[in-house]
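Text of model-v9.cif (mmCIF, C-alpha atoms (C1' of nucleotides)) as supplied:
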```cif
data_query
#
loop_
_atom_site.group_PDB
_atom_site.id
_atom_site.type_symbol
_atom_site.label_atom_id
_atom_site.label_comp_id
_atom_site.auth_asym_id
_atom_site.auth_seq_id
_atom_site.Cartn_x
_atom_site.Cartn_y
_atom_site.Cartn_z
ATOM 1 C CA MET J 1 81.894 80.078 97.185
ATOM 2 C CA THR J 2 84.025 82.860 98.590
ATOM 3 C CA LYS J 3 87.762 82.837 98.223
ATOM 4 C CA LEU J 4 89.423 81.233 101.223
ATOM 5 C CA SER J 5 92.191 82.959 103.131
ATOM 6 C CA LYS J 6 95.368 81.079 103.934
ATOM 7 C CA LEU J 7 94.217 80.256 107.454
ATOM 8 C CA GLU J 8 90.796 79.224 106.239
ATOM 9 C CA TYR J 9 92.338 76.991 103.638
ATOM 10 C CA GLN J 10 94.589 75.345 106.195
ATOM 11 C CA ILE J 11 91.611 74.662 108.405
ATOM 12 C CA MET J 12 89.746 73.191 105.464
ATOM 13 C CA GLU J 13 92.747 71.078 104.600
ATOM 14 C CA SER J 14 92.467 69.431 108.011
ATOM 15 C CA LEU J 15 88.779 68.782 107.486
ATOM 16 C CA TRP J 16 89.334 67.420 103.983
ATOM 17 C CA VAL J 17 92.082 65.086 105.140
ATOM 18 C CA ARG J 18 90.923 64.005 108.579
ATOM 19 C CA GLY J 19 87.186 64.385 108.208
ATOM 20 C CA GLU J 20 84.984 65.954 110.856
ATOM 21 C CA LEU J 21 86.828 67.576 113.724
ATOM 22 C CA SER J 22 86.442 69.672 116.832
ATOM 23 C CA ILE J 23 88.071 73.068 117.087
ATOM 24 C CA ARG J 24 90.675 71.610 119.416
ATOM 25 C CA GLU J 25 91.500 68.889 116.900
ATOM 26 C CA ILE J 26 91.779 71.408 114.106
ATOM 27 C CA GLN J 27 94.103 73.519 116.177
ATOM 28 C CA GLU J 28 96.245 70.528 117.000
ATOM 29 C CA SER J 29 96.463 69.591 113.336
ATOM 30 C CA PHE J 30 98.689 72.627 112.823
ATOM 31 C CA GLN J 31 101.849 70.722 113.437
ATOM 32 C CA GLY J 32 105.073 72.005 112.039
ATOM 33 C CA LYS J 33 103.380 75.261 111.073
ATOM 34 C CA ARG J 34 102.868 78.086 113.504
ATOM 35 C CA VAL J 35 99.957 77.083 115.718
ATOM 36 C CA PRO J 36 97.273 79.760 116.087
ATOM 37 C CA ALA J 37 95.591 80.261 119.450
ATOM 38 C CA TYR J 38 92.530 78.140 120.141
ATOM 39 C CA THR J 39 90.262 81.180 119.928
ATOM 40 C CA THR J 40 91.805 82.247 116.666
ATOM 41 C CA VAL J 41 90.780 78.955 115.139
ATOM 42 C CA GLN J 42 87.426 79.250 116.820
ATOM 43 C CA THR J 43 86.685 82.749 115.513
ATOM 44 C CA THR J 44 87.760 81.731 112.053
ATOM 45 C CA ILE J 45 85.579 78.638 112.130
ATOM 46 C CA TYR J 46 82.591 80.665 113.296
ATOM 47 C CA ARG J 47 83.068 83.065 110.417
ATOM 48 C CA MET J 48 83.435 80.218 107.989
ATOM 49 C CA GLU J 49 80.242 78.738 109.343
ATOM 50 C CA ALA J 50 78.453 82.041 108.711
ATOM 51 C CA LYS J 51 79.723 81.958 105.152
ATOM 52 C CA GLY J 52 78.720 78.344 104.654
ATOM 53 C CA THR J 53 82.222 77.006 104.273
ATOM 54 C CA VAL J 54 81.924 74.616 107.207
ATOM 55 C CA LEU J 55 79.016 73.334 109.252
ATOM 56 C CA ARG J 56 78.397 71.826 112.647
ATOM 57 C CA VAL J 57 77.631 68.201 112.186
ATOM 58 C CA LYS J 58 77.086 67.194 115.798
ATOM 59 C CA LYS J 59 77.895 67.752 119.394
ATOM 60 C CA VAL J 60 80.007 65.315 121.359
ATOM 61 C CA GLY J 61 80.373 65.944 125.068
ATOM 62 C CA ASN J 62 80.560 69.690 125.385
ATOM 63 C CA PHE J 63 82.146 70.379 122.074
ATOM 64 C CA HIS J 64 80.978 70.761 118.529
ATOM 65 C CA ILE J 65 82.209 68.816 115.558
ATOM 66 C CA PHE J 66 82.659 70.643 112.286
ATOM 67 C CA GLY J 67 82.748 69.357 108.774
ATOM 68 C CA ALA J 68 83.710 70.771 105.391
ATOM 69 C CA ALA J 69 80.829 72.250 103.413
ATOM 70 C CA VAL J 70 82.833 72.893 100.276
ATOM 71 C CA SER J 71 85.067 70.527 98.356
ATOM 72 C CA ARG J 72 88.793 70.912 98.026
ATOM 73 C CA GLU J 73 88.357 71.040 94.274
ATOM 74 C CA ALA J 74 85.909 73.927 94.446
ATOM 75 C CA ALA J 75 88.111 75.826 96.877
ATOM 76 C CA GLN J 76 91.201 75.320 94.768
ATOM 77 C CA ARG J 77 89.334 76.264 91.651
ATOM 78 C CA ARG J 78 88.235 79.491 93.259
ATOM 79 C CA LEU J 79 91.790 80.386 94.252
ATOM 80 C CA ILE J 80 93.162 79.649 90.831
ATOM 81 C CA ASP J 81 90.392 81.509 89.043
ATOM 82 C CA ASP J 82 91.082 84.430 91.309
ATOM 83 C CA LEU J 83 94.722 84.431 90.295
ATOM 84 C CA LEU J 84 93.834 84.148 86.633
ATOM 85 C CA GLY J 85 91.594 87.167 87.132
ATOM 86 C CA PHE J 86 94.733 89.203 87.676
ATOM 87 C CA PHE J 87 96.051 88.125 84.315
ATOM 88 C CA GLY J 88 92.837 88.660 82.424
ATOM 89 C CA GLY J 89 92.242 84.932 82.355
ATOM 90 C CA GLN J 90 95.497 84.203 80.605
ATOM 91 C CA THR J 91 97.312 81.084 81.703
ATOM 92 C CA GLN J 92 100.551 82.016 80.024
ATOM 93 C CA PRO J 93 102.023 84.039 82.908
ATOM 94 C CA VAL J 94 101.247 81.195 85.282
ATOM 95 C CA MET J 95 102.856 78.599 83.096
ATOM 96 C CA ALA J 96 105.874 80.776 82.404
ATOM 97 C CA HIS J 97 106.530 81.401 86.079
ATOM 98 C CA LEU J 98 106.001 77.814 87.100
ATOM 99 C CA ILE J 99 108.553 76.772 84.558
ATOM 100 C CA GLU J 100 110.976 79.572 85.156
ATOM 101 C CA SER J 101 111.030 78.902 88.866
ATOM 102 C CA GLY J 102 111.785 75.258 88.220
ATOM 103 C CA LYS J 103 108.577 74.194 89.900
ATOM 104 C CA LEU J 104 107.263 72.502 86.834
ATOM 105 C CA SER J 105 109.236 69.562 85.547
ATOM 106 C CA LEU J 106 109.077 67.954 82.156
ATOM 107 C CA GLU J 107 107.335 65.051 83.831
ATOM 108 C CA ASP J 108 104.668 67.341 85.205
ATOM 109 C CA ILE J 109 104.030 68.636 81.733
ATOM 110 C CA LYS J 110 103.905 65.197 80.205
ATOM 111 C CA GLU J 111 101.438 64.198 82.854
ATOM 112 C CA ALA J 112 99.332 67.296 82.212
ATOM 113 C CA GLU J 113 99.360 66.461 78.549
ATOM 114 C CA GLN J 114 98.066 62.992 79.285
ATOM 115 C CA VAL J 115 95.318 64.336 81.499
ATOM 116 C CA LEU J 116 94.342 66.738 78.777
ATOM 117 C CA LEU J 117 94.287 64.041 76.135
ATOM 118 C CA ASN J 118 92.230 61.793 78.358
ATOM 119 C CA SER J 119 89.664 64.439 79.132
ATOM 120 C CA LYS J 120 89.425 65.200 75.453
ATOM 121 C CA ARG J 121 88.790 61.560 74.651
ATOM 122 C CA LYS J 122 86.210 61.399 77.402
ATOM 123 C CA ALA J 123 84.446 64.486 76.066
ATOM 124 C CA LYS J 124 84.159 62.916 72.649
ATOM 125 C CA ARG J 125 82.501 59.770 73.838
ATOM 126 C CA MET Y 1 107.976 92.812 97.401
ATOM 127 C CA THR Y 2 104.555 92.622 98.958
ATOM 128 C CA LYS Y 3 101.723 90.844 97.274
ATOM 129 C CA LEU Y 4 99.662 93.196 95.129
ATOM 130 C CA SER Y 5 95.900 93.447 95.466
ATOM 131 C CA LYS Y 6 93.717 93.331 92.391
ATOM 132 C CA LEU Y 7 93.385 97.105 92.204
ATOM 133 C CA GLU Y 8 97.083 97.586 92.790
ATOM 134 C CA TYR Y 9 97.882 95.119 90.062
ATOM 135 C CA GLN Y 10 95.567 96.866 87.611
ATOM 136 C CA ILE Y 11 97.253 100.151 88.348
ATOM 137 C CA MET Y 12 100.653 98.549 87.824
ATOM 138 C CA GLU Y 13 99.452 97.038 84.591
ATOM 139 C CA SER Y 14 98.811 100.546 83.264
ATOM 140 C CA LEU Y 15 102.260 101.667 84.314
ATOM 141 C CA TRP Y 16 103.911 98.603 82.832
ATOM 142 C CA VAL Y 17 102.112 99.014 79.529
ATOM 143 C CA ARG Y 18 101.935 102.766 79.108
ATOM 144 C CA GLY Y 19 104.942 103.868 81.100
ATOM 145 C CA GLU Y 20 104.922 106.783 83.513
ATOM 146 C CA LEU Y 21 101.518 108.274 84.166
ATOM 147 C CA SER Y 22 99.615 110.781 86.253
ATOM 148 C CA ILE Y 23 96.849 109.673 88.578
ATOM 149 C CA ARG Y 24 94.284 110.996 86.128
ATOM 150 C CA GLU Y 25 95.813 109.002 83.298
ATOM 151 C CA ILE Y 26 95.857 105.870 85.421
ATOM 152 C CA GLN Y 27 92.222 106.350 86.297
ATOM 153 C CA GLU Y 28 91.299 106.848 82.681
ATOM 154 C CA SER Y 29 93.118 103.685 81.707
ATOM 155 C CA PHE Y 30 90.382 101.726 83.468
ATOM 156 C CA GLN Y 31 88.306 101.421 80.368
ATOM 157 C CA GLY Y 32 85.806 98.650 80.092
ATOM 158 C CA LYS Y 33 86.324 97.808 83.742
ATOM 159 C CA ARG Y 34 84.544 99.611 86.525
ATOM 160 C CA VAL Y 35 86.309 102.945 86.937
ATOM 161 C CA PRO Y 36 87.235 103.761 90.525
ATOM 162 C CA ALA Y 37 86.914 107.353 91.752
ATOM 163 C CA TYR Y 38 89.890 109.580 91.191
ATOM 164 C CA THR Y 39 90.628 109.703 94.895
ATOM 165 C CA THR Y 40 90.424 105.939 95.149
ATOM 166 C CA VAL Y 41 93.218 105.629 92.640
ATOM 167 C CA GLN Y 42 95.045 108.405 94.403
ATOM 168 C CA THR Y 43 94.856 106.807 97.837
ATOM 169 C CA THR Y 44 95.948 103.493 96.447
ATOM 170 C CA ILE Y 45 98.868 105.052 94.610
ATOM 171 C CA TYR Y 46 99.939 106.867 97.767
ATOM 172 C CA ARG Y 47 99.904 103.604 99.691
ATOM 173 C CA MET Y 48 101.832 101.869 96.959
ATOM 174 C CA GLU Y 49 104.362 104.680 97.062
ATOM 175 C CA ALA Y 50 104.802 104.135 100.801
ATOM 176 C CA LYS Y 51 105.403 100.464 100.117
ATOM 177 C CA GLY Y 52 107.869 101.143 97.344
ATOM 178 C CA THR Y 53 105.720 99.697 94.582
ATOM 179 C CA VAL Y 54 105.604 102.929 92.600
ATOM 180 C CA LEU Y 55 107.520 106.178 92.766
ATOM 181 C CA ARG Y 56 107.072 109.774 91.721
ATOM 182 C CA VAL Y 57 109.326 110.430 88.801
ATOM 183 C CA LYS Y 58 108.552 114.070 88.188
ATOM 184 C CA LYS Y 59 106.066 116.875 88.403
ATOM 185 C CA VAL Y 60 104.444 118.314 85.291
ATOM 186 C CA GLY Y 61 102.218 121.342 85.714
ATOM 187 C CA ASN Y 62 100.433 120.770 88.968
ATOM 188 C CA PHE Y 63 100.402 117.031 88.864
ATOM 189 C CA HIS Y 64 102.800 114.236 89.672
ATOM 190 C CA ILE Y 65 103.905 111.501 87.352
ATOM 191 C CA PHE Y 66 104.298 108.017 88.753
ATOM 192 C CA GLY Y 67 106.319 105.097 87.538
ATOM 193 C CA ALA Y 68 106.500 101.377 88.352
ATOM 194 C CA ALA Y 69 109.112 100.448 90.936
ATOM 195 C CA VAL Y 70 108.650 96.695 90.576
ATOM 196 C CA SER Y 71 108.647 94.588 87.448
ATOM 197 C CA ARG Y 72 105.658 92.746 86.137
ATOM 198 C CA GLU Y 73 107.619 89.524 86.387
ATOM 199 C CA ALA Y 74 108.383 90.039 90.069
ATOM 200 C CA ALA Y 75 104.775 90.950 90.812
ATOM 201 C CA GLN Y 76 103.419 87.947 88.956
ATOM 202 C CA ARG Y 77 105.944 85.690 90.588
ATOM 203 C CA ARG Y 78 104.837 86.884 93.990
ATOM 204 C CA LEU Y 79 101.185 86.194 93.230
ATOM 205 C CA ILE Y 80 101.894 82.742 91.900
ATOM 206 C CA ASP Y 81 104.191 81.838 94.769
ATOM 207 C CA ASP Y 82 101.480 82.984 97.115
ATOM 208 C CA LEU Y 83 98.996 80.652 95.491
ATOM 209 C CA LEU Y 84 101.437 77.776 95.567
ATOM 210 C CA GLY Y 85 101.850 78.464 99.276
ATOM 211 C CA PHE Y 86 98.273 77.288 99.719
ATOM 212 C CA PHE Y 87 99.125 73.990 98.113
ATOM 213 C CA GLY Y 88 102.351 73.422 99.978
ATOM 214 C CA GLY Y 89 104.315 74.374 96.899
ATOM 215 C CA GLN Y 90 102.729 71.699 94.766
ATOM 216 C CA THR Y 91 101.997 72.617 91.194
ATOM 217 C CA GLN Y 92 99.763 69.660 90.554
ATOM 218 C CA PRO Y 93 96.502 71.261 91.773
ATOM 219 C CA VAL Y 94 97.190 74.289 89.609
ATOM 220 C CA MET Y 95 97.854 72.240 86.523
ATOM 221 C CA ALA Y 96 94.872 70.007 87.146
ATOM 222 C CA HIS Y 97 92.480 72.906 87.475
ATOM 223 C CA LEU Y 98 93.843 74.796 84.509
ATOM 224 C CA ILE Y 99 93.304 71.749 82.382
ATOM 225 C CA GLU Y 100 89.990 70.760 83.856
ATOM 226 C CA SER Y 101 88.569 74.220 83.311
ATOM 227 C CA GLY Y 102 89.645 74.125 79.708
ATOM 228 C CA LYS Y 103 91.885 77.102 80.196
ATOM 229 C CA LEU Y 104 94.966 75.231 79.167
ATOM 230 C CA SER Y 105 95.031 74.003 75.637
ATOM 231 C CA LEU Y 106 97.258 71.370 74.144
ATOM 232 C CA GLU Y 107 99.056 74.190 72.353
ATOM 233 C CA ASP Y 108 99.739 75.942 75.639
ATOM 234 C CA ILE Y 109 101.289 72.773 76.958
ATOM 235 C CA LYS Y 110 103.370 72.197 73.870
ATOM 236 C CA GLU Y 111 104.596 75.738 74.154
ATOM 237 C CA ALA Y 112 105.401 75.301 77.825
ATOM 238 C CA GLU Y 113 107.305 72.175 76.948
ATOM 239 C CA GLN Y 114 109.356 74.116 74.439
ATOM 240 C CA VAL Y 115 110.087 76.840 76.949
ATOM 241 C CA LEU Y 116 111.179 74.235 79.426
ATOM 242 C CA LEU Y 117 113.423 72.485 76.932
ATOM 243 C CA ASN Y 118 114.957 75.778 75.894
ATOM 244 C CA SER Y 119 115.707 76.876 79.418
ATOM 245 C CA LYS Y 120 117.227 73.482 80.080
ATOM 246 C CA ARG Y 121 119.475 73.782 77.072
ATOM 247 C CA LYS Y 122 120.443 77.282 78.116
ATOM 248 C CA ALA Y 123 121.310 76.073 81.601
ATOM 249 C CA LYS Y 124 123.612 73.433 80.200
ATOM 250 C CA ARG Y 125 125.680 75.824 78.139
ATOM 251 C "C1'" DC A 1 75.059 67.245 143.317
ATOM 252 C "C1'" DC A 2 78.593 70.232 143.062
ATOM 253 C "C1'" DA A 3 83.314 71.829 141.820
ATOM 254 C "C1'" DT A 4 86.273 72.294 138.170
ATOM 255 C "C1'" DA A 5 87.954 72.104 133.700
ATOM 256 C "C1'" DA A 6 87.063 72.780 129.084
ATOM 257 C "C1'" DA A 7 84.503 74.706 125.511
ATOM 258 C "C1'" DA A 8 81.342 78.161 123.773
ATOM 259 C "C1'" DC A 9 80.205 82.738 122.792
ATOM 260 C "C1'" DA A 10 80.594 87.605 122.620
ATOM 261 C "C1'" DT A 11 83.477 91.305 122.163
ATOM 262 C "C1'" DA A 12 87.400 93.848 120.902
ATOM 263 C "C1'" DC A 13 91.408 95.520 118.442
ATOM 264 C "C1'" DA A 14 94.925 95.943 114.674
ATOM 265 C "C1'" DT A 15 96.050 95.896 109.866
ATOM 266 C "C1'" DA A 16 95.011 95.888 104.868
ATOM 267 C "C1'" DT A 17 92.191 97.340 101.377
ATOM 268 C "C1'" DG A 18 88.494 99.572 98.669
ATOM 269 C "C1'" DT A 19 86.035 103.453 98.803
ATOM 270 C "C1'" DA A 20 85.263 108.410 98.737
ATOM 271 C "C1'" DG A 21 84.671 113.338 100.581
ATOM 272 C "C1'" DT A 22 86.689 117.876 101.552
ATOM 273 C "C1'" DA A 23 89.813 121.743 102.025
ATOM 274 C "C1'" DG A 24 93.429 124.151 100.273
ATOM 275 C "C1'" DA A 25 97.134 124.849 96.823
ATOM 276 C "C1'" DA A 26 98.500 125.349 92.191
ATOM 277 C "C1'" DA A 27 97.999 126.249 87.454
ATOM 278 C "C1'" DC A 28 95.552 127.892 83.552
ATOM 279 C "C1'" DT A 29 92.354 131.192 81.233
ATOM 280 C "C1'" DA A 30 89.710 135.088 80.141
ATOM 281 C "C1'" DT U 1 94.915 139.610 87.969
ATOM 282 C "C1'" DA U 2 90.740 137.303 89.278
ATOM 283 C "C1'" DG U 3 87.909 133.305 88.491
ATOM 284 C "C1'" DT U 4 87.731 128.577 87.416
ATOM 285 C "C1'" DT U 5 89.492 124.183 87.064
ATOM 286 C "C1'" DT U 6 92.277 120.531 88.633
ATOM 287 C "C1'" DC U 7 95.412 118.345 91.785
ATOM 288 C "C1'" DT U 8 97.163 117.314 96.165
ATOM 289 C "C1'" DA U 9 96.934 116.032 100.769
ATOM 290 C "C1'" DC U 10 94.335 114.684 104.571
ATOM 291 C "C1'" DT U 11 90.688 112.382 106.663
ATOM 292 C "C1'" DA U 12 87.187 109.061 107.177
ATOM 293 C "C1'" DC U 13 84.573 104.834 106.927
ATOM 294 C "C1'" DA U 14 83.329 99.938 105.731
ATOM 295 C "C1'" DT U 15 84.678 95.204 105.242
ATOM 296 C "C1'" DA U 16 87.789 91.160 105.777
ATOM 297 C "C1'" DT U 17 91.028 88.903 108.399
ATOM 298 C "C1'" DG U 18 94.194 87.522 112.139
ATOM 299 C "C1'" DT U 19 94.504 87.870 116.769
ATOM 300 C "C1'" DA U 20 93.120 87.573 121.522
ATOM 301 C "C1'" DT U 21 90.515 88.408 126.132
ATOM 302 C "C1'" DG U 22 86.832 87.780 129.227
ATOM 303 C "C1'" DT U 23 82.547 85.871 130.595
ATOM 304 C "C1'" DT U 24 79.136 82.265 130.443
ATOM 305 C "C1'" DT U 25 77.733 77.602 129.681
ATOM 306 C "C1'" DT U 26 78.232 72.709 129.734
ATOM 307 C "C1'" DA U 27 80.060 68.121 131.049
ATOM 308 C "C1'" DT U 28 81.882 65.146 134.032
ATOM 309 C "C1'" DG U 29 84.519 63.179 138.022
ATOM 310 C "C1'" DG U 30 84.442 62.789 142.752
#
```

Structure translated into structure tokens:
Amino acid sequence: MTKLSKLEYQIMESLWVRGELSIREIQESFQGKRVPAYTTVQTTIYRMEAKGTVLRVKKVGNFHIFGAAVSREAAQRRLIDDLLGFFGGQTQPVMAHLIESGKLSLEDIKEAEQVLLNSKRKAKR
Amino acid sequence: MTKLSKLEYQIMESLWVRGELSIREIQESFQGKRVPAYTTVQTTIYRMEAKGTVLRVKKVGNFHIFGAAVSREAAQRRLIDDLLGFFGGQTQPVMAHLIESGKLSLEDIKEAEQVLLNSKRKAKR
DNA sequence: CCATAAAACATACATATGTAGTAGAAACTA
DNA sequence: TAGTTTCTACTACATATGTATGTTTTATGG
């Protein structure tokens, strides 16, 4: 799995949320954000297809329908691992900045702790 | 502050750790990792200089000495904010993946909790 | 069945980045 | 001081990505 660019990720987000879509539908899903030209989405989709990130699932009328070929989890994992690569795999800088910027609340941490405890319990069984 | 590439970040890491260095010294600091050609480091440094990421502090003999013009904290912050941009600012995917991949230990979380509590206390005073 | 609208496809171009070669200047050494 | 080493500065090229244009193909409504 290659690392997704911002635009690629946004396209994937549409496919993950709405399911299989045409290029036109993907383009129109860019609401609120700056909407790229139809052909910009198209070129990007074609390239993603070549890389195996999306695939054509069928043809309806004269247009193709594309679907996600990688999971959101895998894509996110790749992005995060890539970031950690900068820090030599250390999570500390990430945690420190999340906290320092106020993006991580005490509740978030408590929740993370629970998740961690649960996965630990699961691993033991 | 622009987002640093992997190579740029590695170069900065040398400057942050070892202080002001020549291009040769920066190149030689790539131990263990794949060592880029001297001119690769040079070109990258020149581009970083144009962007204001590093600056020439002095000339010794026939070579220039470069120093960091941005802090490690600012650079890390930029990288992390960039990642969060993918997730619409949500920290949850980051936390989930750090935990799921086993990169975040219970100790890390406890420590983060402490940092958070401390900064909260500081903010109150 | 044919005109038209929409989509497909191919091509192109700019920027960022990693990569490296080469020519000439500068400094050190014998 | 002349030769050698080492930098600098410039140039070049490949790949990835965002962006868009133009031409061809395909459906479909009249």

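Near chain Y, counting all atoms listed in the file at 7 Å, the chain J residues are Lys6, Arg77, Ile80, Phe86, Thr91, Val94, Met95, His97, Ile99, Lys103, Leu104, Leu106, Ile109, Ala112, Glu113 and Leu116 of chain J.
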
Check what the PyMOL selection byres ((chain A) within 12 of (chain J)) selects in the file above and give those residues as a short mmCIF file (atom, residue, chain, number, x, y, z; two decimals) with C-alpha atoms (C1' of nucleotides), in the frame of the given file.
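To be explicit, this is the file written out as result-v3.cif:
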```cif
data_model
loop_
_atom_site.label_atom_id
_atom_site.label_comp_id
_atom_site.auth_asym_id
_atom_site.auth_seq_id
_atom_site.Cartn_x
_atom_site.Cartn_y
_atom_site.Cartn_z
"C1'" DA A 5 87.95 72.10 133.70
"C1'" DA A 6 87.06 72.78 129.08
"C1'" DA A 7 84.50 74.71 125.51
"C1'" DA A 8 81.34 78.16 123.77
"C1'" DC A 9 80.20 82.74 122.79
"C1'" DA A 10 80.59 87.60 122.62
"C1'" DT A 11 83.48 91.30 122.16
#
```

Applying the PyMOL selection byres ((chain U) within 12 of (chain J)) to the file I just gave you, which residues come out? Please list them as a ChimeraX atom specification.
/U:16-22,25-28

Could you give me, as a PyMOL selection string, the residues within 10 Å of Lys58 of chain Y, counting all atoms listed in the file and dropping anything in the same chain fewer than 2 positions from it?
chain Y and resi 20-22+55-56+60-61+63-67

Between atom C1' of DT15 of chain U and atom C1' of DG18 of chain A, what distance in Å does the model show, to one decimal?
8.8 Å

Residue among Y:Ser29, Y:Arg47, Y:Arg18, Y:Ala68 lying closest to DA16 of chain A, counting all atoms listed in the file
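Closest to DA16 of chain A, using all atoms listed in the file: Y:Arg47.
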
Matched chain/residue IDs from the PyMOL selection byres ((chain U and resi 3) around 9), as an MDAnalysis selection string
(chainID A and resid 29:30) or (chainID U and resid 2 4)

For the atom pair atom CA of Lys3 of chain J and atom C1' of DA12 of chain U, what is the interatomic distance in Å to one decimal place?
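Result for atom CA of Lys3 of chain J versus atom C1' of DA12 of chain U: 27.7 Å, one decimal.
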
Superimpose chain J on chain Y so that the squared distances between all in-order C-alpha pairs are minimised, and send the result as a compact mmCIF listing (two decimals) with C-alpha atoms, in the frame of the given file.
```txt
# COMPACT_ATOMS: atom_id res chain seq x y z
CA MET J 1 107.97 92.79 97.28
CA THR J 2 104.55 92.63 98.87
CA LYS J 3 101.70 90.85 97.20
CA LEU J 4 99.64 93.22 95.09
CA SER J 5 95.89 93.48 95.46
CA LYS J 6 93.69 93.36 92.39
CA LEU J 7 93.38 97.13 92.22
CA GLU J 8 97.08 97.60 92.77
CA TYR J 9 97.85 95.13 90.04
CA GLN J 10 95.53 96.89 87.62
CA ILE J 11 97.22 100.18 88.36
CA MET J 12 100.61 98.58 87.80
CA GLU J 13 99.38 97.08 84.57
CA SER J 14 98.73 100.59 83.28
CA LEU J 15 102.19 101.70 84.30
CA TRP J 16 103.82 98.63 82.77
CA VAL J 17 101.99 99.08 79.49
CA ARG J 18 101.82 102.84 79.09
CA GLY J 19 104.86 103.89 81.06
CA GLU J 20 104.86 106.79 83.49
CA LEU J 21 101.47 108.30 84.19
CA SER J 22 99.59 110.80 86.30
CA ILE J 23 96.85 109.68 88.64
CA ARG J 24 94.27 111.05 86.23
CA GLU J 25 95.77 109.04 83.38
CA ILE J 26 95.82 105.90 85.47
CA GLN J 27 92.20 106.41 86.38
CA GLU J 28 91.26 106.93 82.77
CA SER J 29 93.07 103.76 81.76
CA PHE J 30 90.33 101.79 83.50
CA GLN J 31 88.23 101.50 80.42
CA GLY J 32 85.75 98.72 80.13
CA LYS J 33 86.29 97.84 83.78
CA ARG J 34 84.54 99.62 86.59
CA VAL J 35 86.29 102.96 87.00
CA PRO J 36 87.27 103.77 90.59
CA ALA J 37 86.94 107.34 91.84
CA TYR J 38 89.93 109.60 91.30
CA THR J 39 90.69 109.66 95.02
CA THR J 40 90.47 105.91 95.24
CA VAL J 41 93.25 105.64 92.70
CA GLN J 42 95.10 108.39 94.47
CA THR J 43 94.93 106.78 97.92
CA THR J 44 95.99 103.47 96.47
CA ILE J 45 98.92 105.04 94.65
CA TYR J 46 100.03 106.83 97.80
CA ARG J 47 100.00 103.56 99.69
CA MET J 48 101.88 101.84 96.93
CA GLU J 49 104.43 104.61 97.03
CA ALA J 50 104.88 104.05 100.77
CA LYS J 51 105.47 100.39 100.07
CA GLY J 52 107.89 101.09 97.25
CA THR J 53 105.75 99.66 94.51
CA VAL J 54 105.61 102.91 92.55
CA LEU J 55 107.55 106.15 92.71
CA ARG J 56 107.12 109.75 91.69
CA VAL J 57 109.35 110.39 88.76
CA LYS J 58 108.57 114.05 88.16
CA LYS J 59 106.11 116.84 88.37
CA VAL J 60 104.47 118.29 85.29
CA GLY J 61 102.29 121.33 85.77
CA ASN J 62 100.55 120.76 89.06
CA PHE J 63 100.47 117.03 88.92
CA HIS J 64 102.84 114.23 89.71
CA ILE J 65 103.91 111.49 87.37
CA PHE J 66 104.29 108.00 88.75
CA GLY J 67 106.28 105.09 87.49
CA ALA J 68 106.45 101.39 88.27
CA ALA J 69 109.09 100.43 90.83
CA VAL J 70 108.61 96.70 90.47
CA SER J 71 108.57 94.60 87.33
CA ARG J 72 105.56 92.77 86.03
CA GLU J 73 107.52 89.55 86.27
CA ALA J 74 108.31 90.06 89.94
CA ALA J 75 104.72 90.97 90.73
CA GLN J 76 103.35 87.98 88.88
CA ARG J 77 105.88 85.72 90.49
CA ARG J 78 104.81 86.92 93.90
CA LEU J 79 101.15 86.23 93.16
CA ILE J 80 101.84 82.78 91.83
CA ASP J 81 104.16 81.87 94.69
CA ASP J 82 101.47 83.02 97.05
CA LEU J 83 98.97 80.68 95.43
CA LEU J 84 101.42 77.81 95.50
CA GLY J 85 101.85 78.50 99.20
CA PHE J 86 98.28 77.33 99.67
CA PHE J 87 99.12 74.03 98.06
CA GLY J 88 102.36 73.48 99.91
CA GLY J 89 104.31 74.44 96.82
CA GLN J 90 102.73 71.75 94.71
CA THR J 91 101.98 72.67 91.13
CA GLN J 92 99.75 69.71 90.51
CA PRO J 93 96.50 71.29 91.74
CA VAL J 94 97.17 74.32 89.57
CA MET J 95 97.84 72.27 86.49
CA ALA J 96 94.87 70.02 87.11
CA HIS J 97 92.46 72.92 87.45
CA LEU J 98 93.82 74.79 84.48
CA ILE J 99 93.29 71.74 82.38
CA GLU J 100 89.98 70.74 83.84
CA SER J 101 88.55 74.18 83.28
CA GLY J 102 89.63 74.07 79.66
CA LYS J 103 91.89 77.05 80.15
CA LEU J 104 94.97 75.18 79.15
CA SER J 105 95.08 73.87 75.62
CA LEU J 106 97.33 71.23 74.18
CA GLU J 107 99.12 74.02 72.37
CA ASP J 108 99.78 75.81 75.62
CA ILE J 109 101.34 72.68 77.00
CA LYS J 110 103.45 72.08 73.94
CA GLU J 111 104.65 75.63 74.17
CA ALA J 112 105.45 75.23 77.87
CA GLU J 113 107.37 72.11 77.04
CA GLN J 114 109.43 74.01 74.50
CA VAL J 115 110.15 76.78 76.96
CA LEU J 116 111.22 74.22 79.49
CA LEU J 117 113.48 72.44 77.04
CA ASN J 118 115.02 75.71 75.97
CA SER J 119 115.73 76.86 79.49
CA LYS J 120 117.27 73.49 80.21
CA ARG J 121 119.54 73.79 77.20
CA LYS J 122 120.47 77.30 78.24
CA ALA J 123 121.30 76.14 81.76
CA LYS J 124 123.65 73.52 80.42
CA ARG J 125 125.68 75.90 78.34
```

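Across the structure, atom CA of Lys33 of chain Y and atom CA of Gly88 of chain J are spaced 11.3 Å apart.
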
May I have the residues within 10 Å of Val54 of chain Y as an MDAnalysis selection string, using only C-alpha atoms (C1' of nucleotides) and disregarding those fewer than 3 positions away in the same chain?
chainID Y and resid 11:12 15 20 45:51 57 66:70
